[in-house]
$ cat model.cif   # mmCIF, C-alpha atoms
data_data
#
loop_
_atom_site.label_atom_id
_atom_site.label_comp_id
_atom_site.auth_asym_id
_atom_site.auth_seq_id
_atom_site.Cartn_x
_atom_site.Cartn_y
_atom_site.Cartn_z
CA MET L 1 0.00 0.00 0.00
CA LYS L 2 2.77 2.40 0.95
CA TYR L 3 4.52 2.10 -2.40
CA ILE L 4 1.32 2.66 -4.30
CA SER L 5 0.69 5.97 -2.57
CA LEU L 6 4.16 7.04 -3.75
CA LEU L 7 2.84 6.87 -7.31
CA ILE L 8 1.13 10.27 -7.34
CA PRO L 9 4.07 12.33 -5.97
CA LEU L 10 6.41 10.43 -8.32
CA LEU L 11 4.18 11.20 -11.30
CA PHE L 12 4.14 14.91 -10.46
CA PHE L 13 7.90 14.89 -9.86
CA ALA L 14 8.68 13.23 -13.17
CA VAL L 15 6.38 15.46 -15.22
CA CYS L 16 7.46 18.72 -13.57
CA LEU L 17 11.16 17.82 -13.88
CA PHE L 18 10.67 16.99 -17.55
CA ALA L 19 8.81 20.27 -18.00
CA LEU L 20 11.71 22.20 -16.45
CA VAL L 21 14.16 20.50 -18.80
CA ARG L 22 11.92 21.49 -21.69
CA ARG L 23 11.89 25.08 -20.35
CA VAL L 24 8.15 25.18 -19.75
CA LYS L 25 7.04 28.06 -17.52
CA LEU L 26 5.56 25.92 -14.76
CA TYR L 27 3.72 28.65 -12.87
CA ASP L 28 2.06 30.23 -15.90
CA CYS L 29 1.25 26.90 -17.43
CA PHE L 30 -0.33 25.45 -14.29
CA ALA L 31 -2.47 28.57 -13.86
CA GLU L 32 -3.53 28.41 -17.50
CA GLY L 33 -4.75 24.84 -17.05
CA ALA L 34 -6.45 25.53 -13.74
CA LYS L 35 -8.37 28.39 -15.38
CA GLN L 36 -10.40 25.84 -17.35
CA ALA L 37 -11.77 24.35 -14.14
CA VAL L 38 -14.33 27.14 -13.62
CA PRO L 39 -16.18 26.87 -16.96
CA LEU L 40 -16.08 23.08 -16.68
CA VAL L 41 -17.76 23.07 -13.27
CA LEU L 42 -20.26 25.71 -14.41
CA SER L 43 -21.33 23.65 -17.42
CA VAL L 44 -21.62 20.47 -15.39
CA PHE L 45 -23.43 21.93 -12.36
CA PRO L 46 -27.05 22.02 -13.65
CA TYR L 47 -26.93 18.38 -14.75
CA LEU L 48 -25.25 17.35 -11.53
CA ALA L 49 -27.98 19.13 -9.57
CA ALA L 50 -30.73 17.38 -11.54
CA ILE L 51 -29.18 13.96 -10.97
CA LEU L 52 -28.51 14.50 -7.27
CA ILE L 53 -32.05 15.82 -6.71
CA LEU L 54 -33.34 12.74 -8.48
CA SER L 55 -31.20 10.45 -6.35
CA GLU L 56 -32.40 12.15 -3.17
CA LEU L 57 -36.04 11.77 -4.28
CA PHE L 58 -35.41 8.13 -5.18
CA ARG L 59 -34.08 7.43 -1.70
CA GLN L 60 -36.31 9.60 0.49
CA SER L 61 -39.59 8.76 -1.23
CA GLY L 62 -39.10 5.13 -0.26
CA LEU L 63 -38.98 4.16 -3.93
CA SER L 64 -35.54 2.67 -3.44
CA ASP L 65 -36.84 0.43 -0.62
CA ARG L 66 -39.72 -0.75 -2.80
CA VAL L 67 -37.46 -1.47 -5.76
CA THR L 68 -35.09 -3.30 -3.41
CA ALA L 69 -37.95 -5.44 -2.11
CA LEU L 70 -39.06 -6.16 -5.69
CA CYS L 71 -35.58 -7.10 -6.83
CA THR L 72 -34.50 -9.22 -3.88
CA PRO L 73 -35.92 -12.55 -5.16
CA LEU L 74 -34.20 -12.01 -8.52
CA PHE L 75 -30.95 -11.07 -6.76
CA THR L 76 -31.03 -14.16 -4.55
CA ARG L 77 -31.55 -16.34 -7.58
CA LEU L 78 -28.49 -14.77 -9.23
CA GLY L 79 -26.38 -15.35 -6.11
CA ILE L 80 -26.34 -11.79 -4.78
CA PRO L 81 -26.96 -11.80 -1.01
CA PRO L 82 -30.18 -9.85 -0.23
CA GLU L 83 -28.30 -7.75 2.36
CA ILE L 84 -26.30 -5.99 -0.33
CA ALA L 85 -29.26 -5.34 -2.68
CA PRO L 86 -29.64 -1.70 -1.49
CA LEU L 87 -25.96 -1.09 -2.20
CA VAL L 88 -26.29 -2.44 -5.74
CA LEU L 89 -29.33 -0.24 -6.41
CA VAL L 90 -27.99 2.98 -4.89
CA LYS L 91 -24.53 2.86 -6.47
CA PRO L 92 -25.57 4.10 -9.96
CA PHE L 93 -27.07 7.23 -8.41
CA SER L 94 -24.76 8.21 -5.63
CA GLY L 95 -21.15 7.53 -4.78
CA SER L 96 -21.30 8.97 -1.28
CA GLY L 97 -24.59 7.19 -0.51
CA SER L 98 -23.16 3.82 -1.51
CA THR L 99 -19.94 4.45 0.46
CA ALA L 100 -22.06 5.05 3.56
CA LEU L 101 -24.03 1.84 2.90
CA LEU L 102 -20.81 -0.14 2.42
CA SER L 103 -19.31 0.98 5.72
CA GLU L 104 -22.60 0.18 7.48
CA LEU L 105 -22.60 -3.33 5.99
CA LEU L 106 -18.97 -3.85 6.97
CA SER L 107 -19.55 -2.84 10.56
CA SER L 108 -22.72 -4.92 11.00
CA TYR L 109 -21.59 -8.13 9.24
CA GLY L 110 -17.80 -7.90 9.63
CA ALA L 111 -15.31 -7.09 6.88
CA ASP L 112 -14.16 -10.69 6.35
CA SER L 113 -17.61 -12.30 6.23
CA TYR L 114 -19.00 -13.47 2.90
CA ILE L 115 -21.47 -10.59 2.90
CA GLY L 116 -18.75 -8.08 3.74
CA ARG L 117 -16.53 -9.28 0.94
CA CYS L 118 -19.39 -9.43 -1.54
CA ALA L 119 -20.38 -5.88 -0.60
CA CYS L 120 -16.82 -4.66 -1.23
CA VAL L 121 -16.65 -6.37 -4.60
CA ALA L 122 -20.11 -5.06 -5.55
CA TYR L 123 -18.99 -1.57 -4.53
CA GLY L 124 -15.76 -1.80 -6.50
CA SER L 125 -17.19 -3.36 -9.60
CA SER L 126 -20.02 -0.93 -10.22
CA GLU L 127 -19.83 2.75 -11.01
CA THR L 128 -21.94 5.85 -10.47
CA VAL L 129 -23.41 5.58 -13.96
CA PHE L 130 -25.98 8.41 -13.75
CA TYR L 131 -23.46 10.76 -12.24
CA ILE L 132 -20.88 10.02 -14.95
CA SER L 133 -23.51 10.48 -17.66
CA ALA L 134 -24.53 13.84 -16.17
CA VAL L 135 -20.94 15.05 -16.23
CA TYR L 136 -19.80 13.60 -19.57
CA PHE L 137 -22.85 14.41 -21.64
CA ALA L 138 -23.59 17.74 -19.90
CA GLY L 139 -25.59 19.79 -22.37
CA LYS L 140 -24.28 17.99 -25.42
CA GLY L 141 -27.47 17.23 -27.28
CA LYS L 142 -29.42 14.11 -26.51
CA ALA L 143 -27.66 11.88 -24.02
CA GLY L 144 -28.92 8.65 -25.53
CA ALA L 145 -30.21 5.97 -23.19
CA ARG L 146 -28.18 3.32 -25.01
CA PRO L 147 -24.76 3.83 -23.36
CA ILE L 148 -26.45 4.27 -19.96
CA LEU L 149 -28.43 1.06 -20.28
CA ILE L 150 -25.38 -0.85 -21.52
CA SER L 151 -23.34 0.41 -18.56
CA LEU L 152 -26.04 -0.45 -16.03
CA LEU L 153 -26.40 -3.95 -17.44
CA CYS L 154 -22.65 -4.58 -17.50
CA ASN L 155 -22.17 -3.25 -13.98
CA PHE L 156 -24.94 -5.52 -12.77
CA LEU L 157 -23.42 -8.55 -14.48
CA GLY L 158 -20.08 -7.54 -12.95
CA VAL L 159 -21.67 -7.64 -9.50
CA VAL L 160 -23.18 -11.07 -10.20
CA ALA L 161 -19.78 -12.33 -11.34
CA GLY L 162 -18.09 -10.72 -8.33
CA CYS L 163 -20.42 -12.42 -5.87
CA ALA L 164 -19.80 -15.77 -7.55
CA LEU L 165 -16.02 -15.17 -7.45
CA CYS L 166 -16.21 -14.34 -3.73
CA ARG L 167 -17.45 -17.86 -3.13
CA VAL L 168 -14.53 -19.57 -4.84
CA LEU L 169 -11.62 -17.19 -4.24
CA MET G 1 -31.89 10.10 -20.38
CA ASN G 2 -34.98 12.34 -20.37
CA GLY G 3 -37.16 9.25 -20.30
CA ILE G 4 -35.26 7.66 -17.42
CA PHE G 5 -35.33 10.93 -15.50
CA ALA G 6 -39.07 11.42 -15.98
CA ALA G 7 -39.88 7.81 -15.02
CA ILE G 8 -37.93 7.88 -11.74
CA PHE G 9 -39.06 11.43 -10.97
CA PHE G 10 -42.78 10.68 -11.32
CA ALA G 11 -42.56 7.36 -9.50
CA SER G 12 -40.90 9.09 -6.52
CA LEU G 13 -43.30 12.03 -6.71
CA LEU G 14 -46.34 9.73 -6.49
CA LEU G 15 -44.94 8.10 -3.36
CA PHE G 16 -44.54 11.52 -1.76
CA PHE G 17 -48.32 12.13 -1.84
CA SER G 18 -48.68 10.13 1.36
CA GLU G 19 -46.03 12.26 3.03
CA PRO G 20 -46.04 15.63 1.25
CA ASP G 21 -43.80 17.45 3.76
CA GLY G 22 -40.68 15.58 2.77
CA PHE G 23 -40.83 16.43 -0.93
CA LEU G 24 -39.38 19.91 -1.05
CA SER G 25 -36.78 19.18 1.61
CA ALA G 26 -35.62 16.13 -0.37
CA MET G 27 -35.23 18.24 -3.51
CA LEU G 28 -33.38 20.96 -1.62
CA SER G 29 -31.03 18.53 0.05
CA GLY G 30 -30.22 17.02 -3.36
CA ALA G 31 -29.46 20.48 -4.75
CA GLU G 32 -27.37 21.30 -1.71
CA LYS G 33 -25.31 18.18 -2.27
CA ALA G 34 -24.79 19.27 -5.88
CA ALA G 35 -23.57 22.68 -4.68
CA THR G 36 -21.06 21.29 -2.17
CA LEU G 37 -19.93 18.56 -4.57
CA SER G 38 -19.35 21.19 -7.28
CA LEU G 39 -17.00 23.06 -4.96
CA SER G 40 -14.90 19.98 -4.26
CA LEU G 41 -14.96 19.12 -7.98
CA LEU G 42 -13.74 22.64 -8.71
CA ALA G 43 -10.79 22.02 -6.41
CA ALA G 44 -9.96 18.64 -7.96
CA TYR G 45 -10.30 19.97 -11.53
CA CYS G 46 -7.99 22.89 -10.73
CA VAL G 47 -5.23 20.56 -9.60
CA TRP G 48 -5.57 18.10 -12.46
CA LEU G 49 -6.20 20.56 -15.28
CA GLY G 50 -3.14 22.50 -14.17
CA PHE G 51 -1.12 19.32 -14.16
CA PHE G 52 -2.42 18.24 -17.57
CA CYS G 53 -1.53 21.61 -19.03
CA VAL G 54 2.06 21.11 -17.91
CA LEU G 55 1.93 17.59 -19.33
CA GLU G 56 0.67 18.85 -22.68
CA ARG G 57 3.15 21.69 -22.86
CA CYS G 58 6.21 19.51 -22.33
CA GLY G 59 5.34 17.33 -25.30
CA ALA G 60 4.02 14.31 -23.44
CA GLN G 61 0.82 14.73 -25.41
CA ARG G 62 2.50 13.77 -28.66
CA ALA G 63 4.29 10.82 -27.08
CA LEU G 64 1.12 9.53 -25.41
CA SER G 65 -1.08 9.87 -28.46
CA ARG G 66 1.56 8.27 -30.67
CA ALA G 67 1.73 5.29 -28.33
CA PHE G 68 -2.03 4.83 -28.10
CA TYR G 69 -3.04 5.98 -31.58
CA PRO G 70 -3.08 2.58 -33.34
CA VAL G 71 -5.36 1.03 -30.71
CA ALA G 72 -7.43 4.10 -29.90
CA ARG G 73 -8.11 4.87 -33.56
CA ARG G 74 -9.99 1.59 -33.93
CA LEU G 75 -11.52 1.66 -30.44
CA PHE G 76 -13.06 5.11 -30.80
CA ARG G 77 -13.11 5.32 -34.61
CA THR G 78 -11.37 8.64 -34.75
CA GLU G 79 -8.48 10.18 -36.62
CA ASP G 80 -8.27 13.06 -34.17
CA ARG G 81 -4.94 12.90 -32.30
CA GLU G 82 -5.96 15.42 -29.67
CA ALA G 83 -9.04 13.35 -28.81
CA VAL G 84 -6.88 10.20 -28.70
CA PHE G 85 -4.57 11.87 -26.20
CA LEU G 86 -7.49 12.99 -24.04
CA ALA G 87 -9.27 9.63 -24.15
CA SER G 88 -6.15 7.57 -23.48
CA GLY G 89 -5.17 9.90 -20.64
CA ASN G 90 -8.66 9.50 -19.24
CA LEU G 91 -8.47 5.70 -19.34
CA SER G 92 -4.95 5.63 -17.84
CA ALA G 93 -5.99 7.96 -15.00
CA ASN G 94 -8.95 5.67 -14.40
CA LEU G 95 -6.73 2.60 -14.24
CA LEU G 96 -4.36 4.25 -11.80
CA GLY G 97 -7.34 5.32 -9.69
CA LEU G 98 -6.22 8.96 -9.48
CA PRO G 99 -9.20 10.60 -7.77
CA GLY G 100 -10.73 13.44 -9.80
CA ALA G 101 -8.23 13.13 -12.64
CA PRO G 102 -10.16 11.14 -15.28
CA THR G 103 -13.22 13.39 -15.41
CA PRO G 104 -11.82 16.61 -16.94
CA LEU G 105 -10.01 14.60 -19.62
CA GLY G 106 -13.06 12.47 -20.29
CA VAL G 107 -15.34 15.48 -20.60
CA ARG G 108 -12.99 17.17 -23.06
CA ALA G 109 -12.59 13.98 -25.09
CA THR G 110 -16.37 13.44 -25.20
CA ARG G 111 -16.87 17.03 -26.41
CA ARG G 112 -14.31 16.58 -29.16
CA PHE G 113 -15.90 13.32 -30.27
CA LEU G 114 -19.38 14.83 -30.32
CA ALA G 115 -18.21 18.01 -32.07
CA ALA G 116 -16.83 15.80 -34.84
CA GLY G 117 -20.13 13.89 -34.97
CA ASN G 118 -18.54 10.76 -33.53
CA ARG G 119 -21.35 9.42 -31.36
CA TYR G 120 -19.74 5.99 -31.34
CA GLY G 121 -16.48 7.23 -29.81
CA ALA G 122 -18.32 9.20 -27.14
CA ASP G 123 -20.50 6.22 -26.22
CA MET G 124 -17.51 3.87 -26.13
CA LEU G 125 -15.55 6.21 -23.86
CA PHE G 126 -18.56 6.64 -21.58
CA VAL G 127 -19.19 2.90 -21.25
CA LEU G 128 -15.51 2.19 -20.60
CA ASN G 129 -15.59 4.82 -17.86
CA ALA G 130 -18.86 3.63 -16.39
CA THR G 131 -17.65 0.00 -16.23
CA SER G 132 -14.18 1.12 -15.24
CA LEU G 133 -11.51 -1.52 -14.76
CA GLN G 134 -10.34 -1.36 -11.14
CA LEU G 135 -6.67 -2.15 -10.63
CA LEU G 136 -6.81 -0.95 -7.07
CA PRO G 137 -10.17 -0.66 -5.28
CA ALA G 138 -8.71 1.92 -2.88
CA THR G 139 -11.93 3.07 -1.16
CA ALA G 140 -13.14 -0.45 -0.43
CA ILE G 141 -9.71 -1.47 0.91
CA ALA G 142 -9.58 1.61 3.16
CA LEU G 143 -13.05 0.87 4.52
CA ARG G 144 -12.10 -2.78 5.15
CA LEU G 145 -9.02 -1.66 7.07
CA ALA G 146 -11.19 0.67 9.13
CA ALA G 147 -13.62 -2.15 9.88
CA GLY G 148 -10.77 -4.29 11.23
CA SER G 149 -10.35 -6.74 8.37
CA ALA G 150 -7.64 -9.41 8.71
CA SER G 151 -6.82 -9.27 4.99
CA PRO G 152 -8.12 -6.02 3.52
CA SER G 153 -6.79 -6.63 0.03
CA ASP G 154 -8.66 -9.94 -0.21
CA ILE G 155 -11.18 -8.41 -2.58
CA PHE G 156 -8.56 -7.26 -5.07
CA LEU G 157 -8.76 -10.25 -7.39
CA PRO G 158 -12.56 -10.69 -7.57
CA THR G 159 -12.98 -6.94 -8.17
CA LEU G 160 -10.35 -6.93 -10.90
CA LEU G 161 -11.90 -9.94 -12.65
CA SER G 162 -15.49 -8.74 -12.43
CA THR G 163 -14.62 -5.25 -13.69
CA LEU G 164 -12.57 -6.80 -16.48
CA LEU G 165 -15.63 -8.79 -17.46
CA SER G 166 -17.98 -5.78 -17.32
CA SER G 167 -15.61 -3.56 -19.33
CA LEU G 168 -15.11 -6.17 -22.04
CA LEU G 169 -18.81 -6.85 -22.23
CA GLY G 170 -19.60 -3.11 -22.31
CA GLY G 171 -17.19 -2.49 -25.16
CA LEU G 172 -18.59 -5.43 -27.10
CA LEU G 173 -22.17 -4.26 -26.59
CA VAL G 174 -21.37 -0.75 -27.80
CA PHE G 175 -19.70 -2.30 -30.83
CA ALA G 176 -22.60 -4.67 -31.46
CA THR G 177 -25.36 -2.06 -31.14
CA ARG G 178 -23.62 0.65 -33.19
CA LYS G 179 -25.51 2.46 -35.90
CA ARG G 180 -24.18 1.68 -39.31
#

$ encode --input "model.cif" --output "structure tokens"
Amino acid sequence: MKYISLLIPLLFFAVCLFALVRRVKLYDCFAEGAKQAVPLVLSVFPYLAAILILSELFRQSGLSDRVTALCTPLFTRLGIPPEIAPLVLVKPFSGSGSTALLSELLSSYGADSYIGRCACVAYGSSETVFYISAVYFAGKGKAGARPILISLLCNFLGVVAGCALCRVL
Amino acid sequence: MNGIFAAIFFASLLLFFSEPDGFLSAMLSGAEKAATLSLSLLAAYCVWLGFFCVLERCGAQRALSRAFYPVARRLFRTEDREAVFLASGNLSANLLGLPGAPTPLGVRATRRFLAAGNRYGADMLFVLNATSLQLLPATAIALRLAAGSASPSDIFLPTLLSTLLSSLLGGLLVFATRKR
């Protein structure tokens, strides 16, 4: 773990050293790049707000609990423990929400239990699809449903595979 | 996306009729999260966009895009070297798990693809990001350590294999459902 966290400082060191050799004006150049951050955040913000409002409504209306209850039999059949069903359903909407759920699961079932390990793999092998789509396709015409549906399906199959792998590995 | 949004929105809205007080506060708390998240995104983008500018200026852009061009040209169906640099930087940052780094590159690559009318490239990049291969599931490992796990990195292999599967499948599905 310790060596891996060295990676980021090393990367910065190597690039900045190389830039000095190439006589790049580091200060000016860094500022020029950082300037682009403001318009980027501004263009992404409205879509981010819409998605996060939606995810809050999804959770607080109790819709997520109902969908979880509906999906549990299917999940059990596919080998996903029912305890981690909420995690699987919340992850596409909210990264922070699913992180909170994961740490709850770990503390109530234990990190090394089958459920704990499954939850970690499910967390790691799915992504915040709606959030990514809000950011990437912000305001760029129709964000087609096709890539979103493909990603959701593949993430779900990844979770199924992960739970199966947790049994054997 | 409009369809998905409307479907989830109305389904949640209907459930709120039994408890109407919570509706506005739920919407406001979602918007508040967006506002605070935007601030931390602004900070992360500043750091990484500054770094990428240095990277571009010292010629690493040409080296990177030359290295990835043969593969990326087929993967994203583009001849645009700038977009290849952005997309391959995005995927590498994703692989290394640098927090906050992939997004600004990915957004710029997506915009370049779409500006050139390359829907396929944009979709492919999005799906590869949204099924992202995890070399190091850092958050999960940190949480396992915090929960007192005996072997926190136990989940490394299953996560790697299942994300490998989902990324491959995602790429194949984008390829298979492309518009000719």

$ resolve_selection --input "model.cif" --expression "the PyMOL selection byres ((chain G and resi 58-63) around 10)" --output "PDB file with C-alpha atoms, in the frame of the given file"
ATOM      1  CA  VAL L  15       6.380  15.460 -15.220  1.00  0.00           C
ATOM      2  CA  CYS L  16       7.460  18.720 -13.570  1.00  0.00           C
ATOM      3  CA  LEU L  17      11.160  17.820 -13.880  1.00  0.00           C
ATOM      4  CA  PHE L  18      10.670  16.990 -17.550  1.00  0.00           C
ATOM      5  CA  ALA L  19       8.810  20.270 -18.000  1.00  0.00           C
ATOM      6  CA  LEU L  20      11.710  22.200 -16.450  1.00  0.00           C
ATOM      7  CA  VAL L  21      14.160  20.500 -18.800  1.00  0.00           C
ATOM      8  CA  ARG L  22      11.920  21.490 -21.690  1.00  0.00           C
ATOM      9  CA  ARG L  23      11.890  25.080 -20.350  1.00  0.00           C
ATOM     10  CA  VAL L  24       8.150  25.180 -19.750  1.00  0.00           C
ATOM     11  CA  LYS L  25       7.040  28.060 -17.520  1.00  0.00           C
ATOM     12  CA  LEU L  26       5.560  25.920 -14.760  1.00  0.00           C
TER      13      LEU L  26
ATOM     14  CA  PHE G  52      -2.420  18.240 -17.570  1.00  0.00           C
ATOM     15  CA  CYS G  53      -1.530  21.610 -19.030  1.00  0.00           C
ATOM     16  CA  VAL G  54       2.060  21.110 -17.910  1.00  0.00           C
ATOM     17  CA  LEU G  55       1.930  17.590 -19.330  1.00  0.00           C
ATOM     18  CA  GLU G  56       0.670  18.850 -22.680  1.00  0.00           C
ATOM     19  CA  ARG G  57       3.150  21.690 -22.860  1.00  0.00           C
ATOM     20  CA  LEU G  64       1.120   9.530 -25.410  1.00  0.00           C
ATOM     21  CA  SER G  65      -1.080   9.870 -28.460  1.00  0.00           C
ATOM     22  CA  ARG G  66       1.560   8.270 -30.670  1.00  0.00           C
ATOM     23  CA  ALA G  67       1.730   5.290 -28.330  1.00  0.00           C
ATOM     24  CA  PHE G  68      -2.030   4.830 -28.100  1.00  0.00           C
ATOM     25  CA  TYR G  69      -3.040   5.980 -31.580  1.00  0.00           C
ATOM     26  CA  ARG G  81      -4.940  12.900 -32.300  1.00  0.00           C
ATOM     27  CA  GLU G  82      -5.960  15.420 -29.670  1.00  0.00           C
ATOM     28  CA  VAL G  84      -6.880  10.200 -28.700  1.00  0.00           C
ATOM     29  CA  PHE G  85      -4.570  11.870 -26.200  1.00  0.00           C
ATOM     30  CA  LEU G  86      -7.490  12.990 -24.040  1.00  0.00           C
ATOM     31  CA  GLY G  89      -5.170   9.900 -20.640  1.00  0.00           C
TER      32      GLY G  89
END

$ residues_around --input "model.cif" --residues "Ala147 (chain G)" --least-positions-apart "6" --cutoff "7 Å" --atoms "all atoms listed in the file" --output "number ranges by chain"
L: 106-107, 111

$ residues_near_point --input "model.cif" --point "(-33.1, 0.9, -4.0)" --cutoff "12 Å" --atoms "all atoms listed in the file" --output "PyMOL selection string"
(chain L and resi 55-72+82-94+97-98+101) or (chain G and resi 8+12)

$ resolve_selection --input "model.cif" --expression "the PyMOL selection byres ((chain L and resi 37) around 7)" --output "PyMOL selection string"
(chain L and resi 34-36+38-41) or (chain G and resi 42+45-46+49)

$ write_last_selection --input "model.cif" --atoms "C-alpha atoms" --output "PDB file, in the coordinates of the input"
ATOM      1  CA  ALA L  34      -6.450  25.530 -13.740  1.00  0.00           C
ATOM      2  CA  LYS L  35      -8.370  28.390 -15.380  1.00  0.00           C
ATOM      3  CA  GLN L  36     -10.400  25.840 -17.350  1.00  0.00           C
ATOM      4  CA  VAL L  38     -14.330  27.140 -13.620  1.00  0.00           C
ATOM      5  CA  PRO L  39     -16.180  26.870 -16.960  1.00  0.00           C
ATOM      6  CA  LEU L  40     -16.080  23.080 -16.680  1.00  0.00           C
ATOM      7  CA  VAL L  41     -17.760  23.070 -13.270  1.00  0.00           C
TER       8      VAL L  41
ATOM      9  CA  LEU G  42     -13.740  22.640  -8.710  1.00  0.00           C
ATOM     10  CA  TYR G  45     -10.300  19.970 -11.530  1.00  0.00           C
ATOM     11  CA  CYS G  46      -7.990  22.890 -10.730  1.00  0.00           C
ATOM     12  CA  LEU G  49      -6.200  20.560 -15.280  1.00  0.00           C
TER      13      LEU G  49
END

$ closest_residue --input "model.cif" --among "L:Arg146, L:Gly158, L:Pro73, L:Glu127" --to "Ser96 (chain L)" --atoms "all atoms listed in the file"
L:Glu127
